[in-house]
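Worksheet: the structure to be examined is printed underneath.
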Amino acid sequence: MEISRRVTTSTMEEIDVGTIEAPRPLSIAKDPTLDEKVAMIDLLWEYKNVFAWSHNNIKGLSPKFYQHQINLATAAKLVQQRHYHMNPNYAARIKVEIDKILKIGFIRLVKQATWLSPTVVIPKKNGKICVCVDYRKLNVVTITYAFLLPFTNNVLDAVAGHKMYNVLDGFSGYN
């Protein structure tokens with residue numbers, strides 16, 4: 001087992017539990033004791049196959065775990081918005097992103113759309129793009145539920161005093 005290391009911030013250290021051909025980077029805290037760090041690396045190495053390293057690793061989940069239904073107000077009128085004008089340089093990159101999520105089943109083609117919301121492209125600092133959808137008009141007629149997310153202060157109070165924390169970074173979390 002060979003682990004490559006690279007410091008990513010002043011408090012985190014990046015380790016790679018993959019290979020040169022297929023890197024699998026993970027971040028761990030720099031401040032645990034050597035024994036704790038070795039135990040964490042051993043655990044991550046042993047269970048590296050439970051992580052989704054790409055969208056393609058997510059295949060095979062039952063739809064009951066990820067299908068979502070949006071309930072609309074009974075008086076809601078369906079809206080078919082026109083697409084926004086966008087930079088033509090993004091067209092090929094948008095197609096790549098859409099093809100990727102089509103291929104893995106996150107979205108599917110429909111013959112006749114009843115509700116159309118425009119695509120929005122957000123350029124990232126690293127040169128990549130984030131393809132989003134402007135659902136503001138849909139959100140106006142969506143029935144909301146009283147299951148609010150907890151306040152940050154309540155979450156911090158609940159985890160205070162523990163020795164270790166686990167933070168998951170959901171790539172493409174919007175999916």
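Within each chain, counting starts at residue 1; across the structure tokens, chains are named A, B, ... in the order shown, with ligands numbered 1 upward in that order.
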Write out as a list of chain:residue names which residues come within 9 Å of stretch 135-143 of chain A when counting only C-alpha atoms, dropping same-chain ones fewer than 5 positions away. A:Ile70, A:Asn71, A:Leu72, A:Ala73, A:Thr74, A:Ala75, A:Ala76, A:Lys77, A:Leu78, A:Val79, A:Trp115, A:Ser117, A:Pro118
Once you have the residues from the selection above, write them out as a CSV table (one decimal), in the first residue's frame, restricted to N, CA and C atoms.
chain,number,residue,atom,x,y,z
A,70,ILE,N,-42.3,16.6,-7.2
A,70,ILE,CA,-42.6,17.9,-6.8
A,70,ILE,C,-44.1,18.1,-6.8
A,71,ASN,N,-44.7,18.4,-5.7
A,71,ASN,CA,-46.1,18.7,-5.6
A,71,ASN,C,-46.4,20.1,-5.8
A,72,LEU,N,-47.3,20.4,-6.8
A,72,LEU,CA,-47.6,21.8,-7.1
A,72,LEU,C,-49.0,22.2,-6.5
A,73,ALA,N,-49.1,23.5,-6.3
A,73,ALA,CA,-50.4,24.0,-5.8
A,73,ALA,C,-51.5,23.7,-6.9
A,74,THR,N,-52.7,23.5,-6.4
A,74,THR,CA,-53.7,23.0,-7.4
A,74,THR,C,-54.0,24.1,-8.4
A,75,ALA,N,-53.8,25.3,-8.1
A,75,ALA,CA,-54.1,26.4,-9.1
A,75,ALA,C,-52.9,26.8,-10.0
A,76,ALA,N,-51.9,26.0,-9.9
A,76,ALA,CA,-50.7,26.3,-10.6
A,76,ALA,C,-50.8,26.2,-12.1
A,77,LYS,N,-50.4,27.2,-12.9
A,77,LYS,CA,-50.4,27.1,-14.3
A,77,LYS,C,-49.1,26.7,-14.8
A,78,LEU,N,-49.0,25.8,-15.7
A,78,LEU,CA,-47.7,25.3,-16.2
A,78,LEU,C,-47.1,26.4,-17.0
A,79,VAL,N,-45.8,26.6,-16.9
A,79,VAL,CA,-45.1,27.6,-17.6
A,79,VAL,C,-44.0,27.0,-18.5
A,115,TRP,N,-43.4,21.4,-18.4
A,115,TRP,CA,-42.9,22.6,-17.7
A,115,TRP,C,-41.5,22.8,-18.2
A,117,SER,N,-38.0,25.1,-17.8
A,117,SER,CA,-37.2,26.1,-17.1
A,117,SER,C,-35.9,26.2,-17.8
A,118,PRO,N,-35.4,27.5,-17.9
A,118,PRO,CA,-34.2,27.7,-18.6
A,118,PRO,C,-32.9,27.2,-18.0
Name the residues in contact with A:Arg24 at a cut-off of 9 Å, using only C-alpha atoms, excluding same-chain residues fewer than 6 positions from it; report them as a list in words. Ile15, Asp16, Val17, Gly18, Lys48 and Trp53 of chain A
Keeping only N, CA, C and O atoms, write the selected residues to a file as a short mmCIF file (atom, residue, chain, number, x, y, z; two decimals), in the first residue's frame.
data_model
loop_
_atom_site.label_atom_id
_atom_site.label_comp_id
_atom_site.auth_asym_id
_atom_site.auth_seq_id
_atom_site.Cartn_x
_atom_site.Cartn_y
_atom_site.Cartn_z
N ILE A 15 -4.56 12.78 1.01
CA ILE A 15 -3.93 11.47 0.79
C ILE A 15 -4.58 10.87 -0.44
O ILE A 15 -5.68 11.25 -0.81
N ASP A 16 -3.89 9.97 -1.08
CA ASP A 16 -4.42 9.31 -2.27
C ASP A 16 -4.42 7.82 -2.01
O ASP A 16 -3.37 7.22 -1.81
N VAL A 17 -5.61 7.22 -2.01
CA VAL A 17 -5.73 5.78 -1.78
C VAL A 17 -5.93 5.03 -3.08
O VAL A 17 -6.36 3.88 -3.08
N GLY A 18 -5.62 5.67 -4.19
CA GLY A 18 -5.78 5.05 -5.50
C GLY A 18 -4.44 4.69 -6.10
O GLY A 18 -3.47 4.40 -5.40
N LYS A 48 -12.08 1.89 0.59
CA LYS A 48 -12.08 2.86 -0.51
C LYS A 48 -13.11 2.55 -1.58
O LYS A 48 -13.57 3.44 -2.28
N TRP A 53 -16.38 7.53 -6.67
CA TRP A 53 -15.28 8.36 -7.16
C TRP A 53 -15.66 9.08 -8.44
O TRP A 53 -14.96 9.97 -8.88
#
Please return as a PyMOL selection string: the residues of stretch 4-174 of chain A that backbone DSSP assigns to strand (DSSP E or B). chain A and resi 4-7+12-16+25-29+72+80+116+119-123+129-133+142
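Reported to one decimal place, the separation of atom CA of A:Lys125 from atom CA of A:Glu14 is 20.6 Å.
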